Every structure is written in C-alpha cells, then in structure tokens.
Amino acid sequence: MSAAERWDAIVVGSGIGGLVCAAYLAVAGKRVLVAEQGGVAGGNSHVFRRRRAYEFDVGVHYLGDCGSDGLLPAILNGLGLRGRLRYREMDPDGFDRIVIPGATLDMPADWETYRKRLHEACPGDAAGIDTFLAVVSALGAERRDAIVAAEDVPMADLAQHAPQSVAWGRRTLAELFTHCALSTRARTLLAAQSPNYGMAPDEATVALHATVTDHYVRGAYYPEGGGQTLAAGLLEVIRAHGGALRTYSTVSRITVEGGRAQGVELADGSRAVAPVVVSNADYRRTMLGLVGEERLPRRLAAKTRDARMALPWAAVYVALDVDIEQHANVWWYRGDDIERFYRDLRAAGDGASVPRGEADFLFASFASGKDPVTRRICPPGHSNFQLMTLCPPGFERWGFTAGPADGEKYRRNPAYQAEKARLTEAVLDAAEEALGPFRGHITHLETATPLTHERYTHSTGGTPFGMAHWGSAGARPDTATFVEGLYVAGANTRYGNGITGSAVSGIACAGQILGRRLMHEVHGGATLGDAALLPERRPGWDPLDASRGDDRPLAS
C-alpha cells in the first residue's frame, strides 16, 4: 500500500452539504480533500446531458428564499460567490399549481393570499385553515430565526422566544390537522407539497412542514444555468483555497483509533489521513458501514439500523420538439385524500396487494420554462421537463430485496425492465391528463427509478430525503458524532433536506469544527472567502466540466 496523503480535513461525498462544509473549511485555511464515489460532484444537484441537445437536472427543481435576505444566497455569498450565481424568480402569484379533483390552487409567495385561496377552495374549513396557517407561519419564522441567531436560546427561555416550536414543533402534521378540525379536502390541499420531503402527514413533524412551506412562501427561484452551477461554484472556492476533488474515489472505511477519526480507506486500497472527517454520505451507511456497527454504542446502532427512510421518487425525463410554455410546477393528484394516498404507498411497501395500474400523484417541473436563457437546457422552441412520482419503500416491486449500493445488478433484469416500462407509461398517462397530449412530440424519454438513485448516491432505499424516523418521528442527528473528529452533513441531519437544508447543514458543520457561528456571520453580510482568488470564467464556461475531479492520484 502506498503512503497515505495527509490533509487537514476529508469530506466523504460531494453533495451540497459536503461541498458547503468543505468550502468553509477551505476559506478558513484548512487543506480539504473531497472524495466522491461517482464521476461528477453535486449529489442531487448534478445534471446529465443527452443527444447533445438537452440537459436534465436530477434534483434541483426550484429553490426557496433566494431574495436579498435569503439563506442560500447568504451561504454562497459568504464564500465570495456573490454575482457568480444568479437566481431567476418564479411567478410570485403562482409558482406551484396544486390540482386535485374539483379544485385548483395556485401557490403564491404570500401568506395572506395563500390563506384567501384556501378559503375559496374550502369555505367550510375557513376557521381551521386560519388556525393552521397561524401555527405554520409562526413556527417557520421561528425555525429560520434560530438558524441565523448569534447563539442558541437557553432551554428555559425557549417557550418565550419560540412558543409555536415548543407547542407544535415535534408533533405530527396529522395532529395539527385534527386539532384544526380540517376536512379531507383541506388536508390534501395543505399537504399537497409534502412530497418535497417524502413523508406522510402522520410521520412528518409540523416543524418540518412549516420550515419547507415558509422557505417557498419567501419566494421560489431557479438557479440560472441549472443545478450544476451550485456545485461548480463551490468547487471553485475549494480549489482556489488549496482543496481538491477526487472522483471515482469510493470510501470503504472511516478509520477510527482510540475513539478518534484518523482518515479514510478507499476501495482501491489507498488511504488518506486527516484529523477531521466529514461524511456527506448516507447516514445509515456512514455509521453502520464506514464506521462499523461494532464501534457504535448499542442504542445508537439499534436506532440507526431500525431507521425508516423517507419515500423515494421515480423520475421520467422528457424532451419535446415544441414549447409547451409551462412555468409553474404542477402538483397533480388523482384523488382528494392525500392521507389515503400515503397509506397505500406504505402498504405496497409492506407487501400488500395494492392496484398499480395508474400513477395517482404527479409532480411536473419545467426547466425550460424556468430558465429560457440557458441554451444547454434545450434548443429554442423545445421543452425540457421532469415528471416525478413517489414510490413505495423497498425494492420488492422491482424484483429485488437489496439495492445497487449493496452490489445488486439490476439494470438488465427482465422483471425490473418490465416494471420500469409499466411505470413510465402510467406516468405519461397521468401527465397527459394533467397537461394535455404531448406524446407525439417526444424527442427524448428516460426514466430513473429509486434503484437508479441509490446507484448514483448510495442513499438507502434510493430516497433523496434521508431518514423519516430515527428513534422517534422528527428526530435526526446533529452534525457532530460520538467519534471525536467525525462529523456528518447533508439531508439526514436535523437541518432538513433539499438544497437549502443541506447547505445549512454544511455551514453548521463547518461552524462546529471551527467553533464559529458562521451562518450568523454571513447572514449579517460577512464575506469570508477571497473572491480575488476565484478563476476567471471564460466564454463557454461549463459547470459540468468544472465539477469533474482533479487528476492527481489520492496517495503518492
């Protein structure tokens, strides 16, 4: 085995949480290595290209809270990226369109307008809707304020500073629905965007729902140039400050000696040494596999082993030779009982015989409508969009009991191919119900299943949302772990999922390592990175090329 290369910090995985953490450690003077098992950085923010004409975003469908006071812009601006990343605002009068039988609601970036539209759709629920929105809007604001606060509020003072968080934060969304005596239709409209976090109302906490809703009510945006620009910008910071990205570098073990992290071992036998290791990988795989279940305290091992993951997505990527001129996301449901929809999904995951001839839910996201100026997305006059639906947990419906991260070879399996084809047709049928006929104009069609997602990200069960239940509903790990020098970042942490939740976990993780309230600093306007060190972007600059690995071997 060759000599181990030495770093100040090693980040395992290159999702947004890991890259943000790495970038803040780098601008603080740490020499940082990012080890990514795939061929391009970005995790769920990465893109792929087809036919030299279309670019598809894997996970960036829209971003919330990207105005002048926004959390994500503050995190990126604090690294010196101000002006290098731009956000195109979606229609504030209706960035999401929710469609259920007999009702359509356009989601606005304004609480009062949202309330009035809910009243119009469900006049008999007006009082309950008012109570519900009062709790959710206040709790969302409390959670956001806590993120940017200069210091933690003492537990004794929490009820005074964050009363809704104390009263409702850890209770489920279904409990709040019942408290507000809401009808099935009102519950469905209010929870219609819950696939943003992949959990049913009886398992999602009010805090999670409030955080996500407040995030988008502060404005919905799309990154100009697509999701890959986020990873590319962060890598510019990391490299400019002495760090490196190594792709095709699968970490097989986080080395721990004497209760302290010492570095990593890779699948090719090479090693890297550092006093700090940050895992942006799936939490269950990190703790049970990379650290080793035998090293974990018994209680931690048990609840991590038994953790239930959020539901996974399947995505159908579509390109057309016509412009369908759709901008708002569409959330379409065949029925008007969202809680029954989730029960059926869970039952199917438990092996129950549930009819699956149709897609009962559809999320449609239109990249070509959100970013018409980036020609990589599609040629002029064409359309580029994604059709997504939630899937039951587990891989049984696909013909497997294990996933590709555990070595399962699935892509050529006839049963898998047949189920994938069936799902694709069901999603297209639902999409034509929601959007009108378009099949005659398809120029590219491609489907990614939960197995596809697990193959690329090694996320347990193929979900992008992390754990739904870790010991108890709503509980999630902090960024520090029981191993000295070992930290975690990303969608499994208490900071939530999605691009912004993962970014917040990254800056919080770096702050713990450095002993600083970094989020408070940068939200207050501080710039910690040196923009003068960042490379010039020449004409034709390609964020996908900028997100590929550095060429040097890991160890020498």
# chains A, B, ... in the order shown; residues from 1 in each chain; ligands from 1
>>> closest_atom_pairs(of="segment 379-424 of chain A", to="segment 197-208 of chain A", cutoff="12 Å", atoms="only C-alpha atoms", output="JSON lines")
{"residue": "A:Thr389", "atom": "CA", "partner": "A:Gly198", "partner_atom": "CA", "distance": 10.3}
{"residue": "A:Leu390", "atom": "CA", "partner": "A:Gly198", "partner_atom": "CA", "distance": 7.6}
{"residue": "A:Cys391", "atom": "CA", "partner": "A:Gly198", "partner_atom": "CA", "distance": 9.7}
{"residue": "A:Pro392", "atom": "CA", "partner": "A:Gly198", "partner_atom": "CA", "distance": 10.7}
{"residue": "A:Pro393", "atom": "CA", "partner": "A:Gly198", "partner_atom": "CA", "distance": 10.6}
>>> closest_atom_pairs(of="segment 419-438 of chain A", to="segment 306-326 of chain A", cutoff="10 Å", atoms="only C-alpha atoms", output="JSON lines")
{"residue": "A:Lys420", "atom": "CA", "partner": "A:Ala314", "partner_atom": "CA", "distance": 9.4}
{"residue": "A:Leu423", "atom": "CA", "partner": "A:Ala314", "partner_atom": "CA", "distance": 8.7}
{"residue": "A:Thr424", "atom": "CA", "partner": "A:Val316", "partner_atom": "CA", "distance": 6.7}
{"residue": "A:Glu425", "atom": "CA", "partner": "A:Val316", "partner_atom": "CA", "distance": 9.8}
{"residue": "A:Val427", "atom": "CA", "partner": "A:Val316", "partner_atom": "CA", "distance": 7.6}
{"residue": "A:Leu428", "atom": "CA", "partner": "A:Val316", "partner_atom": "CA", "distance": 8.4}
{"residue": "A:Leu435", "atom": "CA", "partner": "A:Ile324", "partner_atom": "CA", "distance": 9.1}
{"residue": "A:Gly436", "atom": "CA", "partner": "A:Ile324", "partner_atom": "CA", "distance": 9.8}
{"residue": "A:Phe438", "atom": "CA", "partner": "A:Leu320", "partner_atom": "CA", "distance": 7.8}
>>> closest_residue(among="A:Gly269, A:Pro543, A:Pro297, A:Gly259", to="His46 of chain A", atoms="only C-alpha atoms")
A:Pro543
>>> residues_around(residues="segment 225-234 of chain A", least_positions_apart="3", cutoff="9 Å", atoms="only C-alpha atoms", output="PyMOL selection string")
chain A and resi 14-16+19-20+22-23+41-47+55-61+76+79+81+84-86+222+237-239+367+371+373-377+542-548
>>> write_last_selection(atoms="N, CA and C atoms", output="short mmCIF file (atom, residue, chain, number, x, y, z; two decimals), in the first residue's frame")
data_model
loop_
_atom_site.label_atom_id
_atom_site.label_comp_id
_atom_site.auth_asym_id
_atom_site.auth_seq_id
_atom_site.Cartn_x
_atom_site.Cartn_y
_atom_site.Cartn_z
N SER A 14 -19.89 14.43 -2.29
CA SER A 14 -19.85 15.80 -2.80
C SER A 14 -21.23 16.37 -3.07
N GLY A 15 -22.21 16.01 -2.22
CA GLY A 15 -23.48 16.71 -2.27
C GLY A 15 -23.32 18.14 -1.78
N ILE A 16 -24.38 18.91 -1.85
CA ILE A 16 -24.29 20.32 -1.47
C ILE A 16 -23.86 20.49 -0.02
N LEU A 19 -20.07 19.89 0.08
CA LEU A 19 -19.31 20.93 -0.62
C LEU A 19 -19.33 22.25 0.16
N VAL A 20 -20.47 22.60 0.74
CA VAL A 20 -20.52 23.83 1.54
C VAL A 20 -19.59 23.72 2.75
N ALA A 22 -16.95 21.78 3.05
CA ALA A 22 -15.57 21.80 2.56
C ALA A 22 -15.13 23.20 2.19
N ALA A 23 -16.01 23.97 1.55
CA ALA A 23 -15.66 25.32 1.12
C ALA A 23 -15.39 26.23 2.32
N ALA A 41 -19.20 15.87 -9.29
CA ALA A 41 -19.65 16.36 -7.99
C ALA A 41 -21.05 16.96 -8.09
N GLY A 42 -21.72 17.01 -6.95
CA GLY A 42 -23.01 17.69 -6.89
C GLY A 42 -24.10 16.91 -6.21
N GLY A 43 -23.96 15.58 -6.11
CA GLY A 43 -25.02 14.80 -5.48
C GLY A 43 -26.35 15.03 -6.20
N ASN A 44 -27.38 15.38 -5.44
CA ASN A 44 -28.70 15.60 -6.03
C ASN A 44 -28.81 16.94 -6.77
N SER A 45 -27.74 17.70 -6.82
CA SER A 45 -27.77 18.94 -7.61
C SER A 45 -27.13 18.78 -8.98
N HIS A 46 -26.68 17.56 -9.32
CA HIS A 46 -25.95 17.42 -10.57
C HIS A 46 -26.90 17.28 -11.76
N VAL A 47 -26.37 17.44 -12.94
CA VAL A 47 -27.15 17.35 -14.18
C VAL A 47 -26.56 16.26 -15.07
N GLU A 55 -30.24 19.10 -21.33
CA GLU A 55 -29.60 18.96 -20.02
C GLU A 55 -30.69 18.83 -18.97
N PHE A 56 -30.65 17.77 -18.18
CA PHE A 56 -31.68 17.49 -17.19
C PHE A 56 -31.11 17.63 -15.78
N ASP A 57 -31.83 18.35 -14.93
CA ASP A 57 -31.49 18.46 -13.52
C ASP A 57 -32.00 17.23 -12.78
N VAL A 58 -31.16 16.63 -11.97
CA VAL A 58 -31.55 15.46 -11.21
C VAL A 58 -32.42 15.84 -10.01
N GLY A 59 -32.05 16.89 -9.29
CA GLY A 59 -32.78 17.20 -8.06
C GLY A 59 -33.12 18.64 -7.83
N VAL A 60 -32.60 19.56 -8.62
CA VAL A 60 -32.89 20.98 -8.42
C VAL A 60 -34.08 21.36 -9.30
N HIS A 61 -35.25 21.43 -8.68
CA HIS A 61 -36.45 21.79 -9.42
C HIS A 61 -36.88 23.22 -9.12
N LEU A 76 -23.70 31.19 0.10
CA LEU A 76 -22.81 31.21 -1.06
C LEU A 76 -22.06 32.54 -1.18
N LEU A 79 -18.88 32.93 0.80
CA LEU A 79 -17.68 32.26 0.27
C LEU A 79 -17.02 33.07 -0.84
N LEU A 81 -18.87 34.14 -3.61
CA LEU A 81 -19.52 33.79 -4.86
C LEU A 81 -20.59 34.79 -5.29
N ARG A 84 -21.61 35.43 -9.02
CA ARG A 84 -21.26 34.28 -9.87
C ARG A 84 -22.41 33.27 -9.96
N LEU A 85 -23.35 33.38 -9.05
CA LEU A 85 -24.55 32.55 -9.06
C LEU A 85 -25.77 33.47 -9.08
N ARG A 86 -26.66 33.23 -10.01
CA ARG A 86 -27.86 34.07 -10.15
C ARG A 86 -29.10 33.20 -10.05
N TYR A 222 -35.15 29.65 -9.44
CA TYR A 222 -34.43 28.60 -10.15
C TYR A 222 -33.03 29.12 -10.47
N VAL A 237 -14.34 27.64 -5.16
CA VAL A 237 -13.87 28.13 -3.86
C VAL A 237 -12.91 27.13 -3.24
N ILE A 238 -13.28 25.86 -3.22
CA ILE A 238 -12.45 24.83 -2.60
C ILE A 238 -11.08 24.77 -3.25
N ARG A 239 -11.05 24.74 -4.56
CA ARG A 239 -9.76 24.64 -5.26
C ARG A 239 -8.93 25.91 -5.11
N ALA A 367 -37.96 22.82 -16.52
CA ALA A 367 -36.70 23.57 -16.54
C ALA A 367 -36.67 24.59 -17.68
N ASP A 371 -35.89 28.61 -16.95
CA ASP A 371 -34.61 29.19 -17.38
C ASP A 371 -34.54 29.16 -18.91
N VAL A 373 -33.06 31.15 -20.88
CA VAL A 373 -31.88 31.79 -21.45
C VAL A 373 -30.69 30.83 -21.56
N THR A 374 -30.73 29.70 -20.87
CA THR A 374 -29.62 28.75 -20.91
C THR A 374 -29.86 27.74 -22.02
N ARG A 375 -29.11 27.83 -23.11
CA ARG A 375 -29.37 27.02 -24.28
C ARG A 375 -29.02 25.55 -24.08
N ARG A 376 -28.21 25.23 -23.07
CA ARG A 376 -27.91 23.82 -22.82
C ARG A 376 -29.14 23.03 -22.43
N ILE A 377 -30.14 23.71 -21.85
CA ILE A 377 -31.32 23.00 -21.35
C ILE A 377 -32.10 22.36 -22.49
N ASP A 542 -18.29 25.85 -18.61
CA ASP A 542 -19.24 24.75 -18.46
C ASP A 542 -19.22 24.25 -17.02
N PRO A 543 -20.31 24.43 -16.27
CA PRO A 543 -20.31 23.99 -14.87
C PRO A 543 -20.16 22.48 -14.71
N LEU A 544 -20.58 21.70 -15.71
CA LEU A 544 -20.42 20.26 -15.60
C LEU A 544 -18.94 19.87 -15.70
N ASP A 545 -18.22 20.47 -16.63
CA ASP A 545 -16.78 20.22 -16.72
C ASP A 545 -16.07 20.68 -15.45
N ALA A 546 -16.52 21.81 -14.89
CA ALA A 546 -15.89 22.35 -13.68
C ALA A 546 -16.15 21.47 -12.46
N SER A 547 -17.09 20.54 -12.58
CA SER A 547 -17.45 19.68 -11.44
C SER A 547 -16.83 18.30 -11.53
N ARG A 548 -15.93 18.10 -12.47
CA ARG A 548 -15.25 16.81 -12.58
C ARG A 548 -14.01 16.82 -11.69
#
>>> closest_residue(among="A:Pro372, A:Glu536, A:Ala186, A:Gln164", to="Pro123 of chain A", atoms="only C-alpha atoms")
A:Ala186
>>> select_by_dssp(residues="segment 202-437 of chain A", states="helix (DSSP H, G or I)", output="ChimeraX atom specification")
/A:206-217,228-240,283-295,298-305,338-349,367-370,396-398,404-406,414-435
>>> write_last_selection(atoms="C-alpha atoms", output="mmCIF file, in the first residue's frame")
data_model
loop_
_atom_site.group_PDB
_atom_site.id
_atom_site.type_symbol
_atom_site.label_atom_id
_atom_site.label_comp_id
_atom_site.auth_asym_id
_atom_site.auth_seq_id
_atom_site.Cartn_x
_atom_site.Cartn_y
_atom_site.Cartn_z
ATOM 1 C CA VAL A 206 -45.145 20.302 11.987
ATOM 2 C CA ALA A 207 -41.647 21.808 12.243
ATOM 3 C CA LEU A 208 -40.566 20.121 9.014
ATOM 4 C CA HIS A 209 -43.699 21.133 7.129
ATOM 5 C CA ALA A 210 -43.503 24.697 8.451
ATOM 6 C CA THR A 211 -39.836 25.038 7.511
ATOM 7 C CA VAL A 212 -40.423 23.874 3.933
ATOM 8 C CA THR A 213 -43.591 25.949 3.451
ATOM 9 C CA ASP A 214 -42.039 29.110 4.890
ATOM 10 C CA HIS A 215 -38.986 28.534 2.681
ATOM 11 C CA TYR A 216 -41.026 28.786 -0.524
ATOM 12 C CA VAL A 217 -43.503 31.430 0.657
ATOM 13 C CA GLN A 228 -24.796 22.120 -11.568
ATOM 14 C CA THR A 229 -23.809 25.779 -11.198
ATOM 15 C CA LEU A 230 -24.114 25.410 -7.408
ATOM 16 C CA ALA A 231 -21.576 22.582 -7.170
ATOM 17 C CA ALA A 232 -19.288 24.199 -9.736
ATOM 18 C CA GLY A 233 -19.174 27.476 -7.803
ATOM 19 C CA LEU A 234 -18.426 25.713 -4.525
ATOM 20 C CA LEU A 235 -15.618 23.747 -6.167
ATOM 21 C CA GLU A 236 -14.102 26.969 -7.488
ATOM 22 C CA VAL A 237 -13.870 28.135 -3.860
ATOM 23 C CA ILE A 238 -12.450 24.829 -2.595
ATOM 24 C CA ARG A 239 -9.765 24.638 -5.262
ATOM 25 C CA ALA A 240 -8.862 28.326 -5.056
ATOM 26 C CA TYR A 283 -26.109 8.421 7.471
ATOM 27 C CA ARG A 284 -27.015 4.736 7.871
ATOM 28 C CA ARG A 285 -24.211 3.664 5.535
ATOM 29 C CA THR A 286 -21.809 6.030 7.276
ATOM 30 C CA MET A 287 -22.424 4.740 10.774
ATOM 31 C CA LEU A 288 -23.235 1.079 10.165
ATOM 32 C CA GLY A 289 -20.787 0.558 7.308
ATOM 33 C CA LEU A 290 -17.998 3.126 7.060
ATOM 34 C CA VAL A 291 -17.529 3.459 10.820
ATOM 35 C CA GLY A 292 -18.809 -0.045 11.603
ATOM 36 C CA GLU A 293 -21.787 -1.128 13.653
ATOM 37 C CA GLU A 294 -19.444 -2.865 16.087
ATOM 38 C CA ARG A 295 -17.920 0.522 17.019
ATOM 39 C CA ARG A 298 -25.586 -0.157 21.374
ATOM 40 C CA ARG A 299 -28.525 2.269 21.452
ATOM 41 C CA LEU A 300 -27.201 4.325 18.535
ATOM 42 C CA ALA A 301 -26.589 1.190 16.494
ATOM 43 C CA ALA A 302 -30.129 -0.083 17.131
ATOM 44 C CA LYS A 303 -31.978 3.103 16.193
ATOM 45 C CA THR A 304 -29.772 3.662 13.149
ATOM 46 C CA ARG A 305 -30.286 0.095 11.989
ATOM 47 C CA ILE A 338 -53.685 12.523 0.455
ATOM 48 C CA GLU A 339 -53.505 10.531 3.666
ATOM 49 C CA ARG A 340 -55.049 7.523 1.915
ATOM 50 C CA PHE A 341 -52.534 8.000 -0.906
ATOM 51 C CA TYR A 342 -49.660 7.694 1.579
ATOM 52 C CA ARG A 343 -51.261 4.734 3.361
ATOM 53 C CA ASP A 344 -51.478 2.886 0.053
ATOM 54 C CA LEU A 345 -47.811 3.610 -0.677
ATOM 55 C CA ARG A 346 -46.733 2.283 2.708
ATOM 56 C CA ALA A 347 -48.987 -0.750 2.355
ATOM 57 C CA ALA A 348 -47.452 -1.543 -1.030
ATOM 58 C CA GLY A 349 -44.026 -1.305 0.562
ATOM 59 C CA ALA A 367 -36.696 23.570 -16.542
ATOM 60 C CA SER A 368 -37.157 25.137 -19.988
ATOM 61 C CA GLY A 369 -39.890 27.406 -18.625
ATOM 62 C CA LYS A 370 -37.883 28.473 -15.578
ATOM 63 C CA GLU A 396 -39.642 -5.621 -3.903
ATOM 64 C CA ARG A 397 -41.843 -4.092 -6.585
ATOM 65 C CA TRP A 398 -38.769 -4.006 -8.834
ATOM 66 C CA PRO A 404 -27.235 -1.471 -6.123
ATOM 67 C CA ALA A 405 -25.252 0.045 -3.237
ATOM 68 C CA ASP A 406 -25.139 -3.491 -1.824
ATOM 69 C CA PRO A 414 -36.330 -8.551 -17.240
ATOM 70 C CA ALA A 415 -38.689 -8.076 -14.280
ATOM 71 C CA TYR A 416 -37.088 -4.736 -13.495
ATOM 72 C CA GLN A 417 -37.264 -3.579 -17.098
ATOM 73 C CA ALA A 418 -40.936 -4.573 -17.349
ATOM 74 C CA GLU A 419 -41.871 -2.710 -14.156
ATOM 75 C CA LYS A 420 -39.874 0.340 -15.243
ATOM 76 C CA ALA A 421 -41.699 0.365 -18.606
ATOM 77 C CA ARG A 422 -45.073 -0.023 -16.886
ATOM 78 C CA LEU A 423 -44.328 2.860 -14.538
ATOM 79 C CA THR A 424 -43.166 5.076 -17.413
ATOM 80 C CA GLU A 425 -46.433 4.544 -19.297
ATOM 81 C CA ALA A 426 -48.502 5.181 -16.159
ATOM 82 C CA VAL A 427 -46.645 8.453 -15.514
ATOM 83 C CA LEU A 428 -47.090 9.585 -19.128
ATOM 84 C CA ASP A 429 -50.813 8.768 -18.965
ATOM 85 C CA ALA A 430 -51.180 10.854 -15.808
ATOM 86 C CA ALA A 431 -49.135 13.692 -17.304
ATOM 87 C CA GLU A 432 -51.377 13.865 -20.363
ATOM 88 C CA GLU A 433 -54.390 14.014 -18.055
ATOM 89 C CA ALA A 434 -52.785 16.935 -16.240
ATOM 90 C CA LEU A 435 -51.081 18.770 -19.121
#
